[in-house]
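Engineer: Please find my_file-v9.csv (CSV, C-alpha atoms) on the next line:
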```
chain,number,residue,atom,x,y,z
A,248,MET,CA,-19.4,-5.5,14.9
A,249,VAL,CA,-21.1,-2.4,13.5
A,250,VAL,CA,-24.7,-2.7,12.4
A,251,LEU,CA,-25.9,-0.2,9.7
A,252,SER,CA,-29.3,0.4,8.1
A,253,GLN,CA,-29.5,0.4,4.3
A,254,PRO,CA,-29.8,4.3,4.1
A,255,ALA,CA,-26.6,4.5,6.1
A,256,LEU,CA,-24.8,2.0,3.8
A,257,ASN,CA,-25.9,4.0,0.7
A,258,GLN,CA,-23.2,6.6,1.4
A,259,PHE,CA,-20.6,3.9,0.6
A,260,PHE,CA,-19.7,2.6,-2.8
A,261,LEU,CA,-21.6,-0.6,-3.5
A,262,LEU,CA,-20.5,-2.8,-6.4
A,263,LYS,CA,-23.3,-4.5,-8.2
A,264,PRO,CA,-24.5,-7.1,-8.8
A,265,PHE,CA,-23.1,-9.2,-5.9
A,266,LYS,CA,-20.5,-11.5,-7.5
A,267,SER,CA,-18.1,-13.9,-5.9
A,268,THR,CA,-14.8,-13.4,-7.7
A,269,PRO,CA,-12.8,-16.7,-7.6
A,270,LEU,CA,-9.3,-16.5,-6.0
A,271,PHE,CA,-6.7,-15.9,-8.7
A,272,THR,CA,-4.0,-18.6,-8.8
A,273,GLY,CA,-1.7,-16.8,-11.2
A,274,ILE,CA,-0.1,-14.3,-8.8
A,275,PRO,CA,3.7,-14.5,-9.3
A,276,VAL,CA,5.5,-15.9,-6.3
A,277,VAL,CA,9.1,-14.8,-5.7
A,278,ASP,CA,11.4,-16.6,-3.2
A,279,LEU,CA,13.8,-13.9,-1.9
A,280,THR,CA,16.5,-16.6,-1.5
A,281,HIS,CA,16.1,-18.0,-5.0
A,282,PRO,CA,19.3,-17.8,-7.2
A,283,ASP,CA,17.3,-16.1,-10.0
A,284,ALA,CA,15.2,-13.9,-7.7
A,285,LYS,CA,16.4,-10.7,-9.5
A,286,ASN,CA,14.9,-11.9,-12.8
A,287,LEU,CA,11.7,-13.3,-11.2
A,288,ILE,CA,11.1,-9.8,-9.6
A,289,VAL,CA,11.6,-8.0,-12.9
A,290,ASN,CA,9.3,-10.3,-14.7
A,291,ALA,CA,6.6,-10.0,-12.1
A,292,CYS,CA,6.8,-6.2,-12.0
A,293,ARG,CA,6.7,-6.1,-15.8
A,294,ASP,CA,3.8,-8.5,-16.3
A,295,PHE,CA,1.6,-7.7,-13.2
A,296,GLY,CA,3.1,-4.9,-11.2
A,297,PHE,CA,2.6,-7.2,-8.2
A,298,PHE,CA,4.0,-10.3,-6.7
A,299,LYS,CA,3.9,-12.4,-3.5
A,300,LEU,CA,7.2,-12.6,-1.6
A,301,VAL,CA,8.1,-15.7,0.4
A,302,ASN,CA,11.2,-16.7,2.4
A,303,HIS,CA,11.5,-12.9,3.1
A,304,GLY,CA,13.4,-13.1,6.3
A,305,VAL,CA,11.0,-11.1,8.4
A,306,PRO,CA,10.2,-13.0,11.6
A,307,LEU,CA,6.6,-14.2,11.8
A,308,GLU,CA,6.6,-13.1,15.5
A,309,LEU,CA,7.0,-9.4,14.4
A,310,MET,CA,3.9,-9.8,12.2
A,311,ALA,CA,1.9,-11.5,14.9
A,312,ASN,CA,2.9,-8.9,17.5
A,313,LEU,CA,1.9,-6.0,15.4
A,314,GLU,CA,-1.4,-7.6,14.4
A,315,LYS,CA,-2.2,-8.2,18.1
A,316,GLU,CA,-1.5,-4.6,19.0
A,317,ALA,CA,-3.3,-3.2,16.0
A,318,LEU,CA,-6.4,-5.2,16.8
A,319,ARG,CA,-6.1,-4.1,20.5
A,320,PHE,CA,-6.3,-0.5,19.2
A,321,PHE,CA,-9.2,-1.0,16.8
A,322,LYS,CA,-11.3,-2.7,19.4
A,323,LYS,CA,-11.2,0.4,21.6
A,324,SER,CA,-14.4,2.5,21.9
A,325,GLN,CA,-14.9,5.0,19.1
A,326,SER,CA,-14.4,8.0,21.4
A,327,GLU,CA,-11.0,6.5,22.5
A,328,LYS,CA,-9.9,6.0,18.9
A,329,ASP,CA,-11.1,9.5,17.9
A,330,ARG,CA,-8.5,11.0,20.3
A,331,ALA,CA,-5.9,9.9,17.8
A,332,GLY,CA,-7.7,11.8,14.9
A,333,PRO,CA,-8.7,13.4,12.7
A,334,PRO,CA,-5.8,12.6,10.4
A,335,ASP,CA,-3.4,15.4,9.5
A,336,PRO,CA,-2.7,13.2,7.4
A,337,PHE,CA,-1.1,11.1,10.2
A,338,GLY,CA,-3.3,9.7,12.9
A,339,TYR,CA,-6.6,7.8,13.1
A,340,GLY,CA,-9.2,8.1,10.4
A,341,SER,CA,-12.5,6.3,9.7
A,342,LYS,CA,-14.6,6.0,6.6
A,343,ARG,CA,-13.1,9.1,4.9
A,344,ILE,CA,-10.1,8.4,2.6
A,345,GLY,CA,-8.2,11.6,1.9
A,346,PRO,CA,-9.7,15.1,1.7
A,347,ASN,CA,-11.5,14.8,-1.7
A,348,GLY,CA,-14.7,12.9,-1.0
A,349,ASP,CA,-13.6,9.3,-1.2
A,350,VAL,CA,-15.1,7.0,1.4
A,351,GLY,CA,-14.7,3.3,2.3
A,352,TRP,CA,-15.7,0.7,4.8
A,353,VAL,CA,-12.4,1.1,6.7
A,354,GLU,CA,-10.8,2.6,9.7
A,355,TYR,CA,-7.0,3.2,9.8
A,356,LEU,CA,-3.9,4.5,11.4
A,357,LEU,CA,-1.4,6.4,9.3
A,358,LEU,CA,2.1,6.8,10.7
A,359,ASN,CA,5.3,8.4,9.5
A,360,THR,CA,8.2,6.0,9.3
A,361,ASN,CA,11.0,8.6,9.8
A,362,PRO,CA,12.0,8.2,13.4
A,363,GLU,CA,13.1,11.9,13.4
A,364,VAL,CA,9.6,13.0,12.5
A,365,ILE,CA,6.9,11.9,14.9
A,366,SER,CA,3.7,13.7,14.4
A,367,PRO,CA,1.6,14.8,17.4
A,368,LYS,CA,-1.1,12.3,16.4
A,369,SER,CA,1.4,9.5,16.3
A,370,LEU,CA,2.6,10.4,19.8
A,371,CYS,CA,-1.0,10.4,21.0
A,372,ILE,CA,-1.5,6.9,19.6
A,373,PHE,CA,1.6,5.6,21.3
A,374,ARG,CA,0.9,7.4,24.6
A,375,GLU,CA,-2.7,6.1,24.8
A,376,ASN,CA,-1.5,2.5,24.0
A,377,PRO,CA,1.1,1.6,26.5
A,378,HIS,CA,1.3,-2.1,25.5
A,379,HIS,CA,4.6,-1.6,23.8
A,380,PHE,CA,2.8,-0.4,20.7
A,381,ARG,CA,5.5,2.0,19.6
A,382,ALA,CA,8.3,-0.7,20.0
A,383,VAL,CA,6.2,-3.3,18.1
A,384,VAL,CA,5.5,-0.9,15.2
A,385,GLU,CA,9.2,0.3,15.0
A,386,ASN,CA,10.5,-3.3,15.1
A,387,TYR,CA,8.2,-4.4,12.3
A,388,ILE,CA,9.0,-1.4,10.1
A,389,THR,CA,12.7,-1.8,10.6
A,390,ALA,CA,12.5,-5.4,9.4
A,391,VAL,CA,10.2,-4.6,6.5
A,392,LYS,CA,12.5,-1.7,5.4
A,393,ASN,CA,15.5,-4.0,5.3
A,394,MET,CA,13.6,-6.6,3.3
A,395,CYS,CA,12.4,-3.9,0.9
A,396,TYR,CA,16.0,-2.7,0.4
A,397,ALA,CA,17.0,-6.2,-0.6
A,398,VAL,CA,14.1,-6.4,-3.1
A,399,LEU,CA,15.0,-3.1,-4.7
A,400,GLU,CA,18.7,-4.0,-5.0
A,401,LEU,CA,17.8,-7.3,-6.6
A,402,MET,CA,15.4,-5.4,-8.9
A,403,ALA,CA,18.2,-3.0,-9.9
A,404,GLU,CA,20.4,-6.0,-10.7
A,405,GLY,CA,17.7,-7.6,-12.8
A,406,LEU,CA,17.2,-4.3,-14.7
A,407,GLY,CA,20.9,-4.2,-15.5
A,408,ILE,CA,21.5,-1.1,-13.5
A,409,ARG,CA,25.2,-0.9,-12.7
A,410,GLN,CA,24.7,0.6,-9.2
A,411,ARG,CA,22.6,-1.9,-7.3
A,412,ASN,CA,21.6,0.8,-4.7
A,413,THR,CA,20.1,3.1,-7.3
A,414,LEU,CA,16.6,2.4,-6.1
A,415,SER,CA,17.2,1.4,-2.4
A,416,ARG,CA,19.2,4.5,-1.7
A,417,LEU,CA,16.0,6.6,-2.2
A,418,LEU,CA,14.3,4.8,0.7
A,419,LYS,CA,17.5,4.7,2.8
A,420,ASP,CA,17.8,8.5,2.6
A,421,GLU,CA,17.2,10.0,6.0
A,422,LYS,CA,14.7,12.3,4.4
A,423,SER,CA,12.8,9.5,2.7
A,424,ASP,CA,9.1,10.4,2.6
A,425,SER,CA,7.8,6.9,3.5
A,426,CYS,CA,4.8,6.1,5.6
A,427,PHE,CA,3.1,3.1,7.3
A,428,ARG,CA,-0.6,2.4,7.3
A,429,LEU,CA,-2.7,-0.1,9.3
A,430,ASN,CA,-6.1,-0.7,7.7
A,431,HIS,CA,-9.0,-2.4,9.6
A,432,TYR,CA,-12.1,-3.4,7.6
A,433,PRO,CA,-14.9,-4.5,10.1
A,434,PRO,CA,-17.3,-7.2,8.9
A,435,CYS,CA,-20.6,-5.9,7.4
A,436,PRO,CA,-23.2,-8.6,7.2
A,437,GLU,CA,-25.9,-6.1,6.1
A,438,VAL,CA,-24.6,-5.9,2.5
A,439,GLN,CA,-25.3,-9.6,1.9
A,440,ALA,CA,-29.0,-9.0,1.9
A,441,LEU,CA,-28.6,-6.2,-0.5
A,442,ASN,CA,-26.9,-8.5,-3.1
A,443,ARG,CA,-24.0,-6.1,-3.3
A,444,ASN,CA,-20.2,-5.9,-2.6
A,445,LEU,CA,-19.2,-3.2,-0.2
A,446,VAL,CA,-16.0,-1.4,-1.1
A,447,GLY,CA,-13.6,-1.1,1.8
A,448,PHE,CA,-11.0,0.9,-0.1
A,449,GLY,CA,-11.7,2.0,-3.7
A,450,GLU,CA,-9.6,1.3,-6.8
A,451,HIS,CA,-6.4,3.2,-7.0
A,452,THR,CA,-2.6,3.0,-7.6
A,453,ASP,CA,0.0,3.8,-5.0
A,454,PRO,CA,2.0,7.0,-5.8
A,455,GLN,CA,5.2,6.0,-4.1
A,456,ILE,CA,8.1,3.8,-5.4
A,457,ILE,CA,7.0,0.5,-3.8
A,458,SER,CA,4.4,-0.8,-1.4
A,459,VAL,CA,4.8,-3.8,0.9
A,460,LEU,CA,1.5,-5.3,2.1
A,461,ARG,CA,0.9,-8.0,4.7
A,462,SER,CA,-2.7,-8.9,5.9
A,463,ASN,CA,-4.4,-11.4,8.1
A,464,SER,CA,-6.2,-14.5,6.6
A,465,THR,CA,-9.3,-12.6,5.4
A,466,SER,CA,-9.6,-12.1,1.7
A,467,GLY,CA,-10.7,-8.9,0.0
A,468,LEU,CA,-7.7,-7.6,-1.9
A,469,GLN,CA,-8.3,-7.4,-5.6
A,470,ILE,CA,-5.9,-6.4,-8.4
A,471,CYS,CA,-6.7,-5.3,-12.0
A,472,LEU,CA,-4.9,-7.3,-14.6
A,473,THR,CA,-3.5,-5.7,-17.8
A,474,ASP,CA,-6.7,-6.7,-19.7
A,475,GLY,CA,-8.9,-4.9,-17.2
A,476,THR,CA,-10.1,-8.0,-15.4
A,477,TRP,CA,-10.4,-7.7,-11.6
A,478,VAL,CA,-9.2,-10.8,-9.7
A,479,SER,CA,-9.1,-11.7,-6.0
A,480,VAL,CA,-5.7,-12.2,-4.4
A,481,PRO,CA,-5.6,-15.3,-2.1
A,482,PRO,CA,-4.6,-14.1,1.4
A,483,ASP,CA,-1.4,-15.4,3.0
A,484,GLN,CA,-0.7,-14.1,6.4
A,485,THR,CA,2.9,-15.4,6.4
A,486,SER,CA,4.0,-13.7,3.2
A,487,PHE,CA,4.2,-10.2,1.8
A,488,PHE,CA,2.7,-8.7,-1.4
A,489,ILE,CA,4.7,-6.2,-3.3
A,490,ASN,CA,3.1,-3.4,-5.4
A,491,VAL,CA,4.8,-1.3,-8.1
A,492,GLY,CA,4.0,2.3,-7.4
A,493,ASP,CA,3.6,5.2,-9.8
A,494,ALA,CA,7.1,6.6,-9.2
A,495,LEU,CA,8.7,3.2,-10.1
A,496,GLN,CA,6.5,3.1,-13.3
A,497,VAL,CA,8.0,6.4,-14.3
A,498,MET,CA,11.6,5.4,-13.4
A,499,THR,CA,11.3,2.3,-15.6
A,500,ASN,CA,9.7,4.4,-18.4
A,501,GLY,CA,6.5,2.3,-18.2
A,502,MET,CA,8.3,-1.1,-18.3
A,503,PHE,CA,6.8,-1.8,-14.8
A,504,LYS,CA,3.1,-1.0,-14.3
A,505,SER,CA,1.8,0.6,-11.2
A,506,VAL,CA,-0.9,-1.9,-10.3
A,507,LYS,CA,-4.5,-0.8,-9.8
A,508,HIS,CA,-6.0,-2.4,-6.7
A,509,ARG,CA,-9.0,-2.2,-4.3
A,510,VAL,CA,-10.3,-4.0,-1.2
A,511,LEU,CA,-13.8,-5.4,-0.7
A,512,ALA,CA,-15.2,-5.7,2.8
A,513,ASP,CA,-16.1,-9.1,4.1
A,514,THR,CA,-19.6,-9.8,5.4
A,515,THR,CA,-18.6,-11.9,8.4
A,516,LYS,CA,-14.8,-11.5,9.1
A,517,SER,CA,-12.7,-8.5,9.7
A,518,ARG,CA,-9.6,-7.8,7.6
A,519,LEU,CA,-6.5,-6.2,8.9
A,520,SER,CA,-3.7,-5.1,6.6
A,521,MET,CA,-0.4,-3.3,7.2
A,522,ILE,CA,1.3,-1.5,4.4
A,523,TYR,CA,4.7,0.1,4.2
A,524,PHE,CA,4.8,2.8,1.4
A,525,GLY,CA,8.4,3.5,0.3
A,526,GLY,CA,8.9,7.0,-1.0
A,527,PRO,CA,11.9,9.2,-1.9
A,528,ALA,CA,12.8,12.5,-0.3
A,529,LEU,CA,10.4,15.3,-1.2
A,530,SER,CA,13.2,17.1,-3.2
A,531,GLU,CA,14.1,13.9,-5.2
A,532,LYS,CA,13.7,14.2,-8.9
A,533,ILE,CA,11.7,11.4,-10.6
A,534,ALA,CA,12.3,10.6,-14.2
A,535,PRO,CA,12.9,7.6,-16.4
A,536,LEU,CA,16.3,6.1,-15.7
A,537,PRO,CA,18.6,6.2,-18.8
A,538,SER,CA,20.1,2.9,-17.7
A,539,VAL,CA,16.8,1.0,-18.1
A,540,MET,CA,15.9,2.5,-21.5
A,541,LEU,CA,16.9,1.0,-24.8
A,542,LYS,CA,18.9,3.0,-27.3
A,543,GLY,CA,16.6,5.4,-29.1
A,544,GLU,CA,13.7,4.6,-26.7
A,545,GLU,CA,11.3,7.6,-26.3
A,546,CYS,CA,11.0,9.1,-22.8
A,547,LEU,CA,7.3,8.8,-21.8
A,548,TYR,CA,7.3,11.1,-18.7
A,549,LYS,CA,8.3,14.6,-17.8
A,550,GLU,CA,10.8,15.0,-14.9
A,551,PHE,CA,9.2,16.0,-11.6
A,552,THR,CA,10.1,16.1,-7.9
A,553,TRP,CA,8.4,13.7,-5.5
A,554,CYS,CA,7.0,16.8,-3.7
A,555,GLU,CA,5.3,17.9,-7.0
A,556,TYR,CA,3.8,14.5,-7.7
A,557,LYS,CA,2.7,14.0,-4.1
A,558,LYS,CA,0.8,17.3,-4.1
A,559,ALA,CA,-0.9,16.4,-7.4
A,560,ALA,CA,-1.8,12.9,-6.2
A,561,TYR,CA,-3.3,14.0,-2.9
A,562,THR,CA,-5.5,16.6,-4.6
A,563,SER,CA,-7.0,14.0,-6.9
A,564,ARG,CA,-9.6,11.3,-6.3
A,565,LEU,CA,-8.5,7.7,-5.6
A,566,ALA,CA,-9.5,6.3,-9.0
A,567,ASP,CA,-8.0,9.2,-11.1
A,568,ASN,CA,-5.1,8.5,-13.5
A,569,ARG,CA,-2.6,10.5,-11.5
A,570,LEU,CA,0.3,10.1,-13.9
A,571,ALA,CA,-1.7,11.5,-16.9
A,572,PRO,CA,-0.6,15.1,-16.3
A,573,PHE,CA,3.1,14.0,-16.2
A,574,GLN,CA,3.1,12.1,-19.4
A,575,LYS,CA,4.9,13.6,-22.3
A,576,SER,CA,2.8,14.6,-25.3
A,577,ALA,CA,3.9,14.7,-28.9
A,578,ALA,CA,4.4,18.5,-28.6
A,579,ASP,CA,6.8,18.2,-25.6
```
As structure tokens, how would this structure be written, given the file I've shared?
Structural biologist:
Amino acid sequence: MVVLSQPALNQFFLLKPFKSTPLFTGIPVVDLTHPDAKNLIVNACRDFGFFKLVNHGVPLELMANLEKEALRFFKKSQSEKDRAGPPDPFGYGSKRIGPNGDVGWVEYLLLNTNPEVISPKSLCIFRENPHHFRAVVENYITAVKNMCYAVLELMAEGLGIRQRNTLSRLLKDEKSDSCFRLNHYPPCPEVQALNRNLVGFGEHTDPQIISVLRSNSTSGLQICLTDGTWVSVPPDQTSFFINVGDALQVMTNGMFKSVKHRVLADTTKSRLSMIYFGGPALSEKIAPLPSVMLKGEECLYKEFTWCEYKKAAYTSRLADNRLAPFQKSAAD
């Protein structure tokens, strides 16, 4: 456990006043095996941009193995962990989130999910952690990818898209620009005395098509509802939480909303989360899909490549409205 003085804590974002947000019971739950799963997914993405996925088919053993190996890494000495950093963007990072001044009470590992592209930092992580870390990560990612393809194909069906692989093919592409992140939020008991909430990861949307989150049993994740209210998501270590990303909001012409979310650190328990971010190839053009738009519906976004959007997203601050520059104006 890390102990910090109040001046040291002041560099982090403290929400005030301290307020315990009740766990929100209205999160949509989708059973992947349900006969009407395609419509349940579409409704959840339209109304919340977020849902819990159960009966997902990913073995619990894969989740438990990865959690065990991730905690083994994060429990190492700081000097050992630092050998896998600083992030480039892949590798180990601590406190700093991105290159633009955002900070949070978090340490993390960011890995590329393309087996053909292993960054030097990733190799260092796997080499320094001989306890089958690489195999555990790859087995988990493979299972999550397959589950994610199934979700996207059901989503396409629910949207009435004739080709059910319209969305999933973007992630199946061998040049898919997807990544995988392990976040560890250590407990921070000092903030309780300050009557504040400590932000582990500041509010943001995910720029990719879809995000697949799994965490341990520690709460902390919050999402912003359409009326601007922040609510706490009840943790469920056996299930996945699916986020609509910015690219999917564009492809559905705003029908699906990229959900704004954040993580608050716990005062007594550590939180571990693992997130697969499904993105298209860098050269892929992103624009509203004609097949999901009504006749005469106005196109709300300009066409852009994923590379263009990624560059813009990663030169912004976490809380910025990253889609704003890509929205069509009346003059366009």
Engineer: For segment 474-547 of chain A against segment 453-456 of chain A, with a cut-off of 7 Å and counting all atoms listed in the file, what is the closest atom pair and its distance in Å to one decimal for every residue that makes the cut, ordered by chain and number, as JSON lines?
Structural biologist:
```
{"residue": "A:Val491", "atom": "CA", "partner": "A:Ile456", "partner_atom": "CA", "distance": 6.6}
{"residue": "A:Gly492", "atom": "CA", "partner": "A:Ile456", "partner_atom": "CA", "distance": 4.8}
{"residue": "A:Asp493", "atom": "CA", "partner": "A:Pro454", "partner_atom": "CA", "distance": 4.7}
{"residue": "A:Ala494", "atom": "CA", "partner": "A:Ile456", "partner_atom": "CA", "distance": 4.8}
{"residue": "A:Leu495", "atom": "CA", "partner": "A:Ile456", "partner_atom": "CA", "distance": 4.8}
{"residue": "A:Phe524", "atom": "CA", "partner": "A:Gln455", "partner_atom": "CA", "distance": 6.4}
{"residue": "A:Gly525", "atom": "CA", "partner": "A:Ile456", "partner_atom": "CA", "distance": 5.7}
{"residue": "A:Gly526", "atom": "CA", "partner": "A:Gln455", "partner_atom": "CA", "distance": 4.9}
```
Engineer: Work out how far atom CA of Leu414 of chain A is from atom CA of Thr272 of chain A, in Å to one decimal.
Structural biologist: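 Between these atoms lies a distance of 29.5 Å.
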Engineer: Could you list, as a VMD selection string, every residue within 12 Å of segment 277-280 of chain A, counting only C-alpha atoms and ignoring same-chain residues fewer than 3 positions away?
Structural biologist: chain A and resid 274 283 to 292 297 to 305 394 to 402 486 to 489
Engineer: Counting only C-alpha atoms, which residue out of A:Asn359, A:Lys342, A:Met502, A:Ser538 sits closest to Arg411 of chain A?
Structural biologist: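 Looking only at the distances to Arg411 of chain A, the closest residue turns out to be A:Ser538.
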Engineer: Nearest to Leu460 of chain A: which of A:Val446, A:Ile522, A:Leu318, A:Ala390 is it, counting all atoms listed in the file?
Structural biologist: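 Among the listed residues, A:Ile522 lies closest to Leu460 of chain A.
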Engineer: Any chance you could build segment 525-534 of chain A out to all heavy atoms and write it as an mmCIF file, in the frame of the given file?
Structural biologist:
```cif
data_model
loop_
_atom_site.group_PDB
_atom_site.id
_atom_site.type_symbol
_atom_site.label_atom_id
_atom_site.label_comp_id
_atom_site.auth_asym_id
_atom_site.auth_seq_id
_atom_site.Cartn_x
_atom_site.Cartn_y
_atom_site.Cartn_z
ATOM 1 N N GLY A 525 7.060 2.937 0.450
ATOM 2 C CA GLY A 525 8.400 3.500 0.300
ATOM 3 C C GLY A 525 8.495 4.584 -0.666
ATOM 4 O O GLY A 525 8.317 4.376 -1.871
ATOM 5 N N GLY A 526 8.772 5.781 -0.173
ATOM 6 C CA GLY A 526 8.900 7.000 -1.000
ATOM 7 C C GLY A 526 10.208 7.655 -0.910
ATOM 8 O O GLY A 526 10.912 7.486 0.089
ATOM 9 N N PRO A 527 10.583 8.443 -1.908
ATOM 10 C CA PRO A 527 11.900 9.200 -1.900
ATOM 11 C C PRO A 527 11.729 10.452 -1.040
ATOM 12 O O PRO A 527 10.642 10.792 -0.539
ATOM 13 C CB PRO A 527 12.101 9.488 -3.337
ATOM 14 C CG PRO A 527 10.713 9.668 -3.901
ATOM 15 C CD PRO A 527 9.841 8.692 -3.156
ATOM 16 N N ALA A 528 12.828 11.176 -0.920
ATOM 17 C CA ALA A 528 12.800 12.500 -0.300
ATOM 18 C C ALA A 528 11.939 13.436 -1.134
ATOM 19 O O ALA A 528 11.829 13.275 -2.354
ATOM 20 C CB ALA A 528 14.209 13.041 -0.144
ATOM 21 N N LEU A 529 11.331 14.412 -0.502
ATOM 22 C CA LEU A 529 10.400 15.300 -1.200
ATOM 23 C C LEU A 529 11.149 16.052 -2.359
ATOM 24 O O LEU A 529 10.548 16.342 -3.390
ATOM 25 C CB LEU A 529 9.860 16.362 -0.239
ATOM 26 C CG LEU A 529 8.846 15.824 0.769
ATOM 27 C CD1 LEU A 529 8.498 16.894 1.805
ATOM 28 C CD2 LEU A 529 7.579 15.352 0.062
ATOM 29 N N SER A 530 12.450 16.319 -2.193
ATOM 30 C CA SER A 530 13.200 17.100 -3.200
ATOM 31 C C SER A 530 13.726 16.171 -4.329
ATOM 32 O O SER A 530 14.273 16.669 -5.316
ATOM 33 C CB SER A 530 14.368 17.806 -2.570
ATOM 34 O OG SER A 530 15.237 16.873 -1.937
ATOM 35 N N GLU A 531 13.566 14.853 -4.195
ATOM 36 C CA GLU A 531 14.100 13.900 -5.200
ATOM 37 C C GLU A 531 13.440 14.079 -6.537
ATOM 38 O O GLU A 531 12.216 14.137 -6.641
ATOM 39 C CB GLU A 531 13.957 12.482 -4.693
ATOM 40 C CG GLU A 531 14.641 11.448 -5.547
ATOM 41 C CD GLU A 531 16.156 11.493 -5.426
ATOM 42 O OE1 GLU A 531 16.667 11.710 -4.306
ATOM 43 O OE2 GLU A 531 16.828 11.302 -6.459
ATOM 44 N N LYS A 532 14.255 14.134 -7.590
ATOM 45 C CA LYS A 532 13.700 14.200 -8.900
ATOM 46 C C LYS A 532 13.394 12.843 -9.482
ATOM 47 O O LYS A 532 14.216 11.936 -9.396
ATOM 48 C CB LYS A 532 14.703 14.948 -9.866
ATOM 49 C CG LYS A 532 14.882 16.430 -9.519
ATOM 50 C CD LYS A 532 15.908 17.100 -10.411
ATOM 51 C CE LYS A 532 16.060 18.578 -10.048
ATOM 52 N NZ LYS A 532 17.103 19.233 -10.871
ATOM 53 N N ILE A 533 12.183 12.709 -10.012
ATOM 54 C CA ILE A 533 11.700 11.400 -10.600
ATOM 55 C C ILE A 533 11.634 11.555 -12.072
ATOM 56 O O ILE A 533 10.988 12.465 -12.596
ATOM 57 C CB ILE A 533 10.336 11.054 -9.988
ATOM 58 C CG1 ILE A 533 10.352 11.069 -8.448
ATOM 59 C CG2 ILE A 533 9.885 9.700 -10.518
ATOM 60 C CD1 ILE A 533 11.252 10.050 -7.816
ATOM 61 N N ALA A 534 12.298 10.626 -12.772
ATOM 62 C CA ALA A 534 12.300 10.600 -14.200
ATOM 63 C C ALA A 534 12.734 9.243 -14.692
ATOM 64 O O ALA A 534 13.334 8.485 -13.922
ATOM 65 C CB ALA A 534 13.243 11.694 -14.780
#
```
